[in-house]
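Next comes start_7.csv, a file with CSV, C-alpha atoms.
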```
chain,number,residue,atom,x,y,z
A,513,MET,CA,27.9,14.5,2.0
A,514,SER,CA,31.3,15.1,3.6
A,515,ASP,CA,32.2,11.7,2.3
A,516,ALA,CA,34.9,12.0,-0.3
A,517,LEU,CA,33.5,9.1,-2.2
A,518,SER,CA,30.2,10.6,-2.9
A,519,GLU,CA,31.8,13.5,-4.7
A,520,ASN,CA,33.3,11.2,-7.2
A,521,GLY,CA,30.9,11.0,-10.1
A,522,SER,CA,31.8,7.6,-11.2
A,523,GLU,CA,31.0,6.1,-7.8
A,524,GLN,CA,27.3,5.2,-8.1
A,525,ASN,CA,26.5,4.1,-4.6
A,526,ASP,CA,26.9,6.9,-2.2
A,527,SER,CA,27.6,6.1,1.4
A,528,GLN,CA,24.0,6.5,2.5
A,529,GLU,CA,22.7,3.9,0.2
A,530,GLU,CA,25.3,1.3,1.1
A,531,LEU,CA,24.1,1.3,4.7
A,532,MET,CA,20.7,-0.1,3.6
A,533,THR,CA,20.5,-3.9,3.4
A,534,PRO,CA,18.5,-5.3,0.5
A,535,VAL,CA,15.8,-6.4,3.0
A,536,GLU,CA,15.4,-2.9,4.2
A,537,LEU,CA,15.4,-1.6,0.7
A,538,ILE,CA,12.5,-3.9,-0.3
A,539,ALA,CA,10.6,-2.8,2.8
A,540,LYS,CA,11.2,0.8,1.9
A,541,LEU,CA,9.8,0.2,-1.6
A,542,GLU,CA,6.7,-1.5,-0.2
A,543,GLU,CA,6.2,1.4,2.2
A,544,ALA,CA,6.5,3.9,-0.6
A,545,TRP,CA,4.2,1.8,-2.8
A,546,LEU,CA,1.3,1.8,-0.2
A,547,ASN,CA,1.8,5.4,0.7
A,548,GLU,CA,1.6,6.5,-2.9
A,549,LYS,CA,-1.4,4.3,-3.5
A,550,PHE,CA,-3.5,5.7,-0.8
A,551,SER,CA,-2.4,9.4,-0.5
A,552,PRO,CA,-4.6,11.8,-2.5
A,553,ASP,CA,-1.6,13.9,-3.4
A,554,LEU,CA,1.6,13.1,-5.2
A,555,LEU,CA,4.4,12.3,-2.7
A,556,GLU,CA,8.1,13.0,-3.0
A,557,ASN,CA,9.8,10.8,-5.5
A,558,LYS,CA,12.0,8.0,-4.1
A,559,SER,CA,14.3,7.7,-7.0
A,560,GLU,CA,17.2,6.5,-4.9
A,561,VAL,CA,15.1,3.5,-3.7
A,562,VAL,CA,13.8,2.8,-7.2
A,563,GLU,CA,17.3,2.9,-8.6
A,564,CYS,CA,18.7,0.6,-6.0
A,565,VAL,CA,15.9,-1.9,-6.5
A,566,MET,CA,16.4,-1.8,-10.2
A,567,GLU,CA,20.1,-2.4,-9.7
A,568,GLN,CA,19.4,-5.4,-7.4
A,569,LEU,CA,17.0,-6.8,-10.0
A,570,THR,CA,19.3,-6.5,-13.0
A,571,HIS,CA,22.1,-7.9,-10.9
A,572,MET,CA,20.0,-10.9,-10.0
A,573,GLU,CA,18.8,-11.4,-13.5
A,574,ASP,CA,22.3,-11.3,-14.9
A,575,ASN,CA,23.3,-14.0,-12.4
A,576,LEU,CA,20.2,-16.1,-13.4
A,577,GLN,CA,21.3,-15.9,-17.1
A,578,ARG,CA,24.2,-18.2,-16.2
A,579,VAL,CA,22.0,-20.8,-14.5
A,580,SER,CA,20.4,-23.7,-16.4
A,581,LYS,CA,16.7,-23.6,-17.0
A,582,GLY,CA,15.4,-26.4,-14.7
A,583,ASP,CA,17.3,-25.3,-11.7
A,584,MET,CA,15.1,-25.2,-8.6
A,585,LYS,CA,16.9,-22.3,-7.0
A,586,ALA,CA,16.6,-20.2,-10.1
A,587,SER,CA,12.9,-20.7,-10.2
A,588,VAL,CA,12.6,-19.4,-6.7
A,589,HIS,CA,14.7,-16.4,-7.5
A,590,ARG,CA,12.7,-15.7,-10.5
A,591,MET,CA,9.5,-15.8,-8.5
A,592,GLU,CA,10.9,-13.3,-6.1
A,593,ILE,CA,12.1,-11.0,-8.9
A,594,ASP,CA,8.6,-11.1,-10.4
A,595,ARG,CA,7.1,-10.1,-7.1
A,596,ILE,CA,9.4,-7.2,-6.5
A,597,ARG,CA,9.0,-6.1,-10.1
A,598,PHE,CA,5.2,-6.0,-9.6
A,599,VAL,CA,5.5,-3.7,-6.6
A,600,LEU,CA,7.9,-1.5,-8.4
A,601,SER,CA,5.8,-1.1,-11.5
A,602,SER,CA,2.6,-0.6,-9.5
A,603,TYR,CA,4.4,2.1,-7.6
A,604,LEU,CA,5.6,3.9,-10.6
A,605,ARG,CA,2.3,3.5,-12.4
A,606,SER,CA,0.3,5.0,-9.5
A,607,ARG,CA,2.7,8.0,-9.6
A,608,LEU,CA,2.1,8.5,-13.3
A,609,GLN,CA,-1.6,8.2,-12.9
A,610,LYS,CA,-1.5,11.1,-10.4
A,611,ILE,CA,0.7,13.1,-12.6
A,612,GLU,CA,-1.8,12.7,-15.5
A,613,LYS,CA,-4.6,13.6,-13.2
A,614,PHE,CA,-3.1,16.7,-11.6
A,615,PHE,CA,-0.4,17.8,-14.1
A,616,PRO,CA,-0.8,21.6,-14.0
A,617,HIS,CA,-0.6,21.5,-10.2
A,618,VAL,CA,2.3,19.1,-10.1
A,619,LEU,CA,4.2,21.3,-12.5
A,620,GLU,CA,3.3,24.4,-10.6
A,621,LYS,CA,4.5,22.9,-7.3
A,622,GLU,CA,7.8,21.9,-9.0
A,623,LYS,CA,8.3,25.4,-10.4
A,624,SER,CA,7.6,27.1,-7.0
A,625,ARG,CA,9.9,24.8,-5.1
A,626,ALA,CA,12.9,26.6,-3.6
A,627,ASP,CA,16.4,25.8,-4.8
A,628,GLY,CA,17.9,23.0,-2.8
A,629,ASP,CA,14.6,21.5,-1.8
A,630,PRO,CA,14.2,17.9,-2.9
A,631,SER,CA,12.3,17.6,-6.1
A,632,TYR,CA,8.8,16.0,-6.1
A,633,LEU,CA,9.4,14.5,-9.6
A,634,SER,CA,12.1,12.4,-10.9
A,635,PRO,CA,13.7,13.9,-14.1
A,636,GLU,CA,11.7,11.3,-16.2
A,637,GLU,CA,8.5,12.1,-14.5
A,638,TYR,CA,9.1,15.8,-15.0
A,639,ALA,CA,9.6,15.3,-18.7
A,640,PHE,CA,6.5,13.2,-18.8
A,641,ALA,CA,4.4,15.9,-17.0
A,642,ARG,CA,5.8,18.7,-19.3
A,643,GLU,CA,4.9,16.6,-22.4
A,644,TYR,CA,1.5,15.7,-21.1
A,645,LEU,CA,0.7,19.4,-20.5
A,646,ALA,CA,1.9,20.4,-24.0
A,647,ASN,CA,0.0,17.6,-25.6
A,648,THR,CA,-3.2,18.4,-23.8
A,649,GLU,CA,-2.9,22.0,-24.8
A,650,THR,CA,-2.3,21.2,-28.4
A,651,TYR,CA,-5.2,18.8,-28.4
A,652,LEU,CA,-7.6,21.2,-27.0
A,653,LYS,CA,-6.5,23.8,-29.5
A,654,ALA,CA,-6.8,21.5,-32.4
A,655,VAL,CA,-10.3,20.1,-31.7
A,656,ALA,CA,-12.1,23.0,-30.1
A,657,LEU,CA,-10.4,26.2,-29.1
A,658,ARG,CA,-9.4,27.4,-32.6
A,659,HIS,CA,-13.1,27.3,-33.6
A,660,MET,CA,-14.0,29.6,-30.7
A,661,PRO,CA,-14.3,33.3,-30.7
A,662,PRO,CA,-10.9,34.9,-30.0
A,663,ASN,CA,-11.8,36.0,-26.5
A,664,LEU,CA,-12.6,32.5,-25.5
A,665,GLN,CA,-9.5,30.8,-26.8
A,666,ALA,CA,-7.4,30.8,-23.7
A,667,VAL,CA,-7.7,28.1,-21.1
A,668,ASP,CA,-6.2,28.3,-17.7
A,669,MET,CA,-5.1,24.8,-17.0
A,670,MET,CA,-4.7,25.5,-13.3
A,671,LYS,CA,-8.4,26.2,-13.1
A,672,ALA,CA,-9.4,23.6,-15.6
A,673,VAL,CA,-7.9,20.6,-13.8
A,674,PRO,CA,-9.1,19.8,-10.3
A,675,GLU,CA,-6.5,20.0,-7.5
A,676,PRO,CA,-5.8,17.0,-5.4
A,677,CYS,CA,-8.3,16.9,-2.6
A,678,LEU,CA,-6.2,17.0,0.6
A,679,ASP,CA,-9.3,16.8,2.8
A,680,SER,CA,-9.9,13.1,1.8
A,681,PHE,CA,-9.9,10.7,4.6
A,682,VAL,CA,-7.1,8.1,4.8
A,683,PHE,CA,-6.4,5.0,6.8
A,684,LEU,CA,-3.1,4.9,8.6
A,685,ARG,CA,-0.9,2.9,10.9
A,686,VAL,CA,1.4,4.7,13.3
A,687,LYS,CA,5.1,3.8,13.3
A,688,GLU,CA,6.5,6.5,15.5
A,689,GLN,CA,4.7,8.0,18.5
A,690,GLN,CA,3.1,11.3,17.8
A,691,ASP,CA,1.4,13.3,20.5
A,692,ASN,CA,-1.2,16.1,20.3
A,693,ILE,CA,-2.3,15.8,16.7
A,694,MET,CA,-5.0,18.4,16.1
A,695,VAL,CA,-8.2,17.1,14.7
A,696,GLU,CA,-10.4,19.8,13.1
A,697,PRO,CA,-14.1,19.6,13.6
A,698,GLU,CA,-16.5,18.5,10.9
A,699,THR,CA,-19.3,20.8,11.8
A,700,ASP,CA,-19.4,24.2,13.4
A,701,ASP,CA,-21.0,23.1,16.6
A,702,GLN,CA,-18.1,20.7,17.4
A,703,ARG,CA,-14.9,21.8,18.9
A,704,GLU,CA,-11.4,20.8,17.7
A,705,TYR,CA,-9.5,18.4,19.8
A,706,VAL,CA,-6.2,16.6,20.0
A,707,VAL,CA,-5.4,12.9,19.7
A,708,ASP,CA,-2.2,11.0,20.5
A,709,LEU,CA,-1.1,8.5,17.9
A,710,ASP,CA,0.4,5.5,19.6
A,711,VAL,CA,2.9,3.2,17.9
A,712,GLY,CA,1.0,0.4,16.2
A,713,SER,CA,-2.4,1.9,16.4
A,714,GLN,CA,-4.6,2.5,13.4
A,715,HIS,CA,-6.6,5.5,12.5
A,716,LEU,CA,-9.0,7.0,10.0
A,717,MET,CA,-8.6,10.8,9.6
A,718,ARG,CA,-8.1,13.6,7.1
A,719,TYR,CA,-5.0,13.5,4.9
A,720,ARG,CA,-4.3,17.2,5.5
A,721,THR,CA,-3.8,16.7,9.2
A,722,ILE,CA,-1.2,14.0,8.8
A,723,ALA,CA,0.4,14.8,5.5
A,724,PRO,CA,3.8,15.9,7.0
A,725,LEU,CA,3.9,12.6,9.0
A,726,VAL,CA,3.6,10.6,5.9
A,727,SER,CA,6.6,12.2,4.3
A,728,THR,CA,8.7,11.8,7.4
A,729,GLY,CA,7.7,8.2,7.6
A,730,ALA,CA,6.2,8.4,11.1
A,731,VAL,CA,2.9,7.0,9.8
A,732,GLN,CA,2.2,4.5,7.1
A,733,LEU,CA,-1.0,4.7,5.0
A,734,ILE,CA,-2.9,1.5,4.7
B,984,MET,CA,-6.7,-1.4,-3.6
B,985,ASP,CA,-7.6,-4.6,-5.2
B,986,PRO,CA,-8.3,-7.6,-2.9
B,987,THR,CA,-5.7,-9.5,-4.8
B,988,GLU,CA,-3.1,-6.9,-3.8
B,989,VAL,CA,-4.0,-7.5,-0.1
B,990,GLU,CA,-3.6,-11.2,-0.8
B,991,PHE,CA,-0.2,-10.4,-2.3
B,992,LEU,CA,0.9,-8.7,0.9
B,993,ALA,CA,-0.5,-11.7,2.9
B,994,GLU,CA,1.7,-14.0,0.9
B,995,LYS,CA,4.8,-12.5,2.6
B,996,GLU,CA,3.7,-14.0,5.9
B,997,ILE,CA,5.9,-16.9,7.1
B,998,VAL,CA,4.7,-20.5,7.4
B,999,LYS,CA,6.5,-23.7,8.3
B,1000,ILE,CA,6.7,-26.4,5.7
B,1001,ILE,CA,8.2,-29.9,5.6
B,1002,PRO,CA,10.1,-30.3,2.3
B,1003,ASN,CA,10.6,-33.6,0.6
B,1004,PHE,CA,13.8,-32.5,-1.2
B,1005,SER,CA,17.1,-31.1,-0.2
B,1006,LEU,CA,18.6,-27.8,-1.3
B,1007,ASP,CA,21.2,-25.4,0.0
B,1008,LYS,CA,20.4,-22.0,1.5
B,1009,ILE,CA,18.8,-19.7,-1.1
B,1010,TYR,CA,20.0,-16.1,-0.9
B,1011,LEU,CA,17.0,-14.0,-2.0
B,1012,ILE,CA,17.0,-10.3,-2.2
B,1013,GLY,CA,14.4,-10.1,0.6
B,1014,GLY,CA,16.4,-12.5,2.9
B,1015,ASP,CA,17.9,-15.9,3.1
B,1016,LEU,CA,15.9,-19.1,3.1
B,1017,GLY,CA,16.7,-22.7,3.9
B,1018,PRO,CA,18.6,-24.9,3.9
B,1019,PHE,CA,16.0,-27.5,2.9
B,1020,ASN,CA,16.3,-31.0,4.2
B,1021,PRO,CA,13.7,-33.8,3.6
B,1022,GLY,CA,11.5,-34.1,6.7
B,1023,LEU,CA,12.9,-31.2,8.6
B,1024,PRO,CA,10.5,-28.2,9.1
B,1025,VAL,CA,11.7,-24.9,7.6
B,1026,GLN,CA,10.2,-21.4,7.5
B,1027,VAL,CA,9.3,-19.9,4.2
B,1028,PRO,CA,7.0,-17.1,2.9
B,1029,VAL,CA,3.5,-18.3,1.9
B,1030,TRP,CA,4.1,-17.6,-1.8
B,1031,LEU,CA,6.9,-20.1,-1.9
B,1032,ALA,CA,5.1,-22.6,0.3
B,1033,LEU,CA,2.2,-22.6,-2.1
B,1034,ASN,CA,4.4,-22.9,-5.1
B,1035,LEU,CA,6.3,-25.8,-3.6
B,1036,LYS,CA,3.0,-27.4,-2.5
B,1037,GLN,CA,1.6,-27.1,-6.0
B,1038,ARG,CA,4.7,-28.9,-7.3
B,1039,GLN,CA,4.2,-31.5,-4.6
B,1040,LYS,CA,7.5,-30.8,-3.0
B,1041,CYS,CA,6.4,-30.1,0.5
B,1042,ARG,CA,3.8,-30.4,3.2
B,1043,ILE,CA,2.5,-27.1,4.8
B,1044,LEU,CA,2.2,-27.0,8.5
B,1045,PRO,CA,-0.8,-24.9,9.4
B,1046,PRO,CA,-0.1,-21.7,11.5
B,1047,GLN,CA,-0.7,-22.1,15.2
B,1048,TRP,CA,-3.8,-20.0,15.2
B,1049,MET,CA,-5.4,-22.1,12.5
B,1050,ASP,CA,-6.8,-24.6,15.0
B,1051,VAL,CA,-10.5,-25.4,15.7
B,1052,ASP,CA,-10.3,-24.9,19.5
B,1053,LYS,CA,-8.4,-21.6,19.2
B,1054,LEU,CA,-10.7,-20.2,16.5
B,1055,GLU,CA,-13.8,-21.2,18.5
B,1056,GLU,CA,-12.4,-19.2,21.4
B,1057,VAL,CA,-11.8,-16.2,19.1
B,1058,ARG,CA,-15.3,-16.5,17.7
B,1059,GLU,CA,-16.9,-16.5,21.2
B,1060,MET,CA,-14.8,-13.5,22.2
B,1061,GLU,CA,-15.7,-11.7,19.0
B,1062,ARG,CA,-19.4,-12.2,19.5
B,1063,LYS,CA,-19.2,-11.2,23.2
B,1064,GLU,CA,-17.3,-8.0,22.8
B,1065,ASP,CA,-18.7,-4.9,21.2
B,1066,SER,CA,-15.4,-3.7,20.0
B,1067,PHE,CA,-13.0,-5.5,17.7
B,1068,THR,CA,-10.9,-8.2,19.4
B,1069,PRO,CA,-7.4,-8.8,18.2
B,1070,PRO,CA,-7.6,-10.9,15.0
B,1071,PRO,CA,-6.0,-14.4,15.1
B,1072,SER,CA,-3.5,-13.1,12.5
B,1073,PRO,CA,-3.3,-9.8,10.6
B,1074,TYR,CA,-4.0,-11.7,7.5
B,1075,TYR,CA,-6.3,-14.4,8.9
B,1076,MET,CA,-8.9,-14.2,6.1
B,1077,GLU,CA,-6.4,-14.3,3.2
B,1078,LEU,CA,-4.2,-17.0,4.7
B,1079,THR,CA,-7.2,-19.2,5.5
B,1080,LYS,CA,-8.4,-18.8,1.9
B,1081,LEU,CA,-4.9,-19.4,0.4
B,1082,LEU,CA,-4.0,-22.3,2.6
B,1083,LEU,CA,-7.3,-24.1,2.5
B,1084,ASN,CA,-7.7,-23.7,-1.3
B,1085,HIS,CA,-4.2,-25.0,-2.1
B,1086,ALA,CA,-3.3,-27.2,0.8
B,1087,SER,CA,-6.5,-28.4,2.5
B,1088,ASP,CA,-5.1,-31.9,2.7
B,1089,ASN,CA,-2.4,-30.7,5.0
B,1090,ILE,CA,-4.8,-28.9,7.4
B,1091,PRO,CA,-6.8,-31.0,9.8
B,1092,LYS,CA,-10.5,-30.2,10.0
B,1093,ALA,CA,-10.3,-27.8,7.1
B,1094,ASP,CA,-14.0,-27.5,6.7
B,1095,GLU,CA,-14.6,-26.6,10.3
B,1096,ILE,CA,-11.8,-24.0,10.1
B,1097,ARG,CA,-13.4,-22.5,7.0
B,1098,THR,CA,-16.7,-22.1,8.7
B,1099,LEU,CA,-15.2,-20.7,11.9
B,1100,VAL,CA,-13.2,-18.1,10.0
B,1101,LYS,CA,-16.2,-17.1,8.0
B,1102,ASP,CA,-18.2,-16.7,11.2
B,1103,ILE,CA,-15.5,-14.5,12.7
B,1104,TRP,CA,-15.3,-12.5,9.5
B,1105,ASP,CA,-19.0,-12.0,9.4
B,1106,THR,CA,-19.2,-10.8,13.0
B,1107,ARG,CA,-16.4,-8.4,12.5
B,1108,ILE,CA,-17.8,-7.0,9.2
B,1109,ALA,CA,-21.1,-6.5,10.9
B,1110,LYS,CA,-19.4,-4.5,13.6
B,1111,LEU,CA,-17.4,-2.5,11.0
B,1112,ARG,CA,-20.7,-1.6,9.2
B,1113,LEU,CA,-22.2,-0.5,12.5
B,1114,SER,CA,-19.2,1.7,13.4
B,1115,ALA,CA,-19.0,3.2,10.0
B,1116,ASP,CA,-22.6,4.1,10.3
B,1117,SER,CA,-22.2,5.9,13.6
B,1118,PHE,CA,-19.0,7.5,12.4
B,1119,ILE,CA,-20.9,9.1,9.6
B,1120,SER,CA,-24.1,10.0,11.5
B,1121,GLN,CA,-22.0,11.7,14.3
B,1122,GLN,CA,-19.9,13.5,11.7
B,1123,GLU,CA,-16.7,12.5,13.4
B,1124,ALA,CA,-13.3,13.6,12.1
B,1125,HIS,CA,-11.2,10.9,13.6
B,1126,ALA,CA,-11.6,7.2,14.3
B,1127,LYS,CA,-9.3,4.7,15.9
B,1128,LEU,CA,-9.3,1.4,14.2
B,1129,ASP,CA,-7.1,-0.9,16.2
B,1130,ASN,CA,-7.3,-4.6,15.5
B,1131,LEU,CA,-8.8,-4.1,12.1
B,1132,THR,CA,-7.0,-6.1,9.4
B,1133,LEU,CA,-6.1,-4.7,6.0
B,1134,MET,CA,-8.6,-6.9,4.2
B,1135,GLU,CA,-11.4,-5.6,6.5
B,1136,ILE,CA,-10.4,-2.0,5.9
B,1137,ASN,CA,-10.1,-2.7,2.2
B,1138,THR,CA,-13.7,-4.0,1.9
B,1139,THR,CA,-15.1,-0.8,3.2
B,1140,ARG,CA,-12.5,1.6,1.9
B,1141,SER,CA,-13.9,2.8,-1.4
B,1142,PHE,CA,-17.5,3.0,-0.2
B,1143,LEU,CA,-16.7,4.8,3.1
B,1144,LEU,CA,-14.1,7.2,1.7
B,1145,GLY,CA,-16.2,8.0,-1.3
B,1146,SER,CA,-19.2,8.9,0.8
B,1147,LEU,CA,-17.1,10.9,3.2
B,1148,ASN,CA,-15.7,12.9,0.3
B,1149,CYS,CA,-19.1,13.4,-1.1
B,1150,MET,CA,-20.5,14.7,2.2
B,1151,PHE,CA,-17.5,17.0,2.6
B,1152,LYS,CA,-18.1,18.5,-0.8
B,1153,LEU,CA,-21.8,19.0,-0.1
B,1154,ARG,CA,-21.0,20.7,3.2
B,1155,SER,CA,-18.1,22.8,2.2
B,1156,ASN,CA,-20.1,24.5,-0.6
B,1157,MET,CA,-17.0,25.1,-2.7
B,1158,GLN,CA,-16.7,27.1,-5.9
B,1159,PRO,CA,-16.2,24.9,-8.9
B,1160,GLY,CA,-12.6,24.5,-9.9
B,1161,THR,CA,-11.0,25.7,-6.7
B,1162,SER,CA,-10.8,22.3,-5.2
B,1163,THR,CA,-12.1,18.8,-5.5
B,1164,GLY,CA,-15.0,18.0,-7.8
B,1165,LYS,CA,-15.0,18.3,-11.6
B,1166,GLY,CA,-13.5,21.3,-13.3
B,1167,PRO,CA,-15.6,23.8,-15.1
B,1168,ASP,CA,-16.4,23.3,-18.7
B,1169,TYR,CA,-13.6,24.2,-21.0
```
Take the structure in the file and write it out as structure tokens.
Amino acid sequence: MSDALSENGSEQNDSQEELMTPVELIAKLEEAWLNEKFSPDLLENKSEVVECVMEQLTHMEDNLQRVSKGDMKASVHRMEIDRIRFVLSSYLRSRLQKIEKFFPHVLEKEKSRADGDPSYLSPEEYAFAREYLANTETYLKAVALRHMPPNLQAVDMMKAVPEPCLDSFVFLRVKEQQDNIMVEPETDDQREYVVDLDVGSQHLMRYRTIAPLVSTGAVQLI
Amino acid sequence: MDPTEVEFLAEKEIVKIIPNFSLDKIYLIGGDLGPFNPGLPVQVPVWLALNLKQRQKCRILPPQWMDVDKLEEVREMERKEDSFTPPPSPYYMELTKLLLNHASDNIPKADEIRTLVKDIWDTRIAKLRLSADSFISQQEAHAKLDNLTLMEINTTRSFLLGSLNCMFKLRSNMQPGTSTGKGPDY
């Protein structure tokens, strides 16, 4: 952030984003898509990737406006845009589904995050989660709670909505070598042991064990 | 994940086609393609190859592994070994399906290839069932799954992960509402 350009508010691309080629950008989006699809918990938001992809798409669509309909090149470009748009929407949709499923916990996590830590939710997702919580509460009150005796009218959303189950198993592929990953035993008579995750190898294990590796990008969920 | 989404990922694989039209280089967001010259082989992603084929603008060259002799070898290996042998391609099942359904006239001995790939698939899925069974009965917490393709993982995913979660819940004897499971009644 020492770059003088990035302090300039009108400059949209900061230096970090410009280093990424569109090819890498699309690969990043697909990575984020698969990770989000398979992780039991909501992952950090990747709004910079989403914004860059959106920018690429609108830019390309603007260019296509100027081309005649029957053009062969344009049809290829349009097909590519449709494919990227599919990944993008599927990614955002799977995030929204998780927010709907775990909204009190997502909001709690957001509230307890220290200043300066990156946010888990994009501003739009945060607004969505807040609204979803308010609407659910209003709804419960309107249909049932107000008919209850006064001592039963409060509902603790944190307890009413199940937490994401971090102990789920996930499939993963290793992208950066990781040694000595602790595997906790399933039963009491087994002992814990360590495994090495070699680059390119594939594994099935609990999400809790490798959750930090997913956010650093050392492993890819599949 | 839906099988069609695995197919979507397989469509990113590169195949060679022989176009019958000419076109300059195309600068796609995901990389450059072309230039296309009639009769000269060029590499494109499968999604484009299939589209061009459907519009009768190209001939698809089958990938190197899609060959009766090579696949027979793979099948023998797969039957001999107890563990999974490296698949002919990380998307062999999807690509076989896509290419044979849309471009079987470009692929020599298409029917034989279809049978061979089906044989390989069946052998591998049988092994997968067997190892999933021993994984569960030995209550393992970690499994290495090298050489498994995404489609193979995907066919067993929801069933295997669902049962593992169920068993975990039964074992861990958790209070309702603290984690997993359904929340208590409102």
Exercise for the section: Considering all atoms listed in the file, state which residue in the set A:Asp668, A:Asp679, A:Glu704, A:Glu592 is at the smallest distance from Leu569 of chain A. Expected result: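 That would be A:Glu592, the residue with the smallest distance to Leu569 of chain A.
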Practice task
Tell me, as a PyMOL selection string, which residues lie within 12 Å of Leu555 of chain A, counting only C-alpha atoms; anything in the same chain fewer than 2 positions away does not count.
Solution key: chain A and resi 544-553+557-559+603-604+606-608+610-611+618+621-622+630-634+676+723-729
Problem - Residue nearest chain A - candidates B:Arg1038, B:Arg1107, B:Lys1063, B:Lys1092, atoms counted: all atoms listed in the file - result: B:Arg1038
Exercise for the section: Quote the spacing between atom CA of Val695 of chain A and atom CA of Ile722 of chain A in Å to one decimal place. Expected result: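 Calculated distance between atom CA of Val695 of chain A and atom CA of Ile722 of chain A is 9.7 Å.
The interatomic distance for the pair atom CA of Ala646 of chain A and atom CA of Ala626 of chain A works out to 24.0 Å.
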Fill in the blank from the handout: Shortest contact to Glu994 of chain B, candidates A:Ser587, A:Arg625, A:Arg595, A:Gln577, atoms counted all atoms listed in the file, goes to A:Arg595
Exercise for the section: Compile the contact shell of Asp691 of chain A as a list in words: residues with an atom at most 7 Å away, counting only C-alpha atoms, same-chain residues fewer than 3 positions apart removed. Expected result: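 Counting only the stated atoms, we get Val707, Asp708 and Leu709 of chain A.
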Problem - Separation of atom CA of Tyr1075 of chain B from atom CA of Gly1017 of chain B, in Å and rounded to one decimal - result: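 The value is 25.0 Å.
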Handout entry: From A:Leu716, A:Ile593, A:Leu652, A:Phe615, residue lying nearest Tyr638 of chain A [all atoms listed in the file]
Key = A:Phe615
Residues of chain A at most 8 Å from chain B: nearest atom pair and distance in Å, all atoms listed in the file, as a tab-separated table:
```
residue	atom	partner	partner_atom	distance
A:Pro534	CA	B:Ile1012	CA	5.9
A:Val535	CA	B:Gly1013	CA	4.6
A:Ile538	CA	B:Gly1013	CA	6.5
A:Lys549	CA	B:Met984	CA	7.8
A:Gln568	CA	B:Ile1012	CA	7.5
A:Lys585	CA	B:Ile1009	CA	6.7
A:Val588	CA	B:Leu1031	CA	7.5
A:His589	CA	B:Leu1011	CA	6.4
A:Glu592	CA	B:Leu1011	CA	7.4
A:Val667	CA	B:Tyr1169	CA	7.1
A:Lys671	CA	B:Gly1160	CA	5.5
A:Ala672	CA	B:Gly1166	CA	5.2
A:Val673	CA	B:Gly1166	CA	5.7
A:Pro674	CA	B:Gly1166	CA	5.5
A:Glu675	CA	B:Ser1162	CA	5.4
A:Pro676	CA	B:Thr1163	CA	6.6
A:Cys677	CA	B:Thr1163	CA	5.1
A:Asp679	CA	B:Asn1148	CA	7.9
A:Ser680	CA	B:Asn1148	CA	6.0
A:Phe681	CA	B:Leu1144	CA	6.2
A:Val682	CA	B:Leu1144	CA	7.7
A:Val695	CA	B:Ala1124	CA	6.7
A:Glu696	CA	B:Ala1124	CA	6.9
A:Pro697	CA	B:Ala1124	CA	6.2
A:Glu698	CA	B:Ala1124	CA	6.0
A:Thr699	CA	B:Gln1122	CA	7.3
A:Ser713	CA	B:Asp1129	CA	5.5
A:Gln714	CA	B:Leu1128	CA	4.9
A:His715	CA	B:Lys1127	CA	4.4
A:Leu716	CA	B:Ala1126	CA	5.0
A:Met717	CA	B:His1125	CA	4.8
A:Arg718	CA	B:Ala1124	CA	7.2
A:Ile734	CA	B:Leu1133	CA	7.1
```
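By chain and then residue number, the residues within 7 Å of segment 1085-1090 of chain B are B:Leu1033, B:Arg1042, B:Ile1043, B:Leu1044, B:Pro1045, B:Leu1081, B:Leu1082, B:Ala1093, counting all atoms listed in the file and disregarding those fewer than 3 positions away in sequence.
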Those selected residues, please, written with C-alpha atoms and delivered as a tab-separated table (two decimals), in the coordinates of the input.
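Okay, this is what ended up in again18.tsv:
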```tsv
chain	number	residue	atom	x	y	z
B	1033	LEU	CA	2.20	-22.60	-2.10
B	1042	ARG	CA	3.80	-30.40	3.20
B	1043	ILE	CA	2.50	-27.10	4.80
B	1044	LEU	CA	2.20	-27.00	8.50
B	1045	PRO	CA	-0.80	-24.90	9.40
B	1081	LEU	CA	-4.90	-19.40	0.40
B	1082	LEU	CA	-4.00	-22.30	2.60
B	1093	ALA	CA	-10.30	-27.80	7.10
```
Exercise for the section: Skip Asp1065 of chain B itself and residues of its chain fewer than 2 positions away, then list as a ChimeraX atom specification all residues within 12 Å of it, counting only C-alpha atoms. Expected result: /B:1059-1063,1067-1068,1106-1107,1109-1111,1113-1114
Exercise for the section: Place a sphere of radius 8 Å on (6.3, -22.8, 8.7) in the file coordinates and name every protein, DNA or RNA residue with an atom inside or on its surface, counting only C-alpha atoms; give the answer as an MDAnalysis selection string. Expected result: chainID B and resid 997:1001 1024:1027 1043:1046
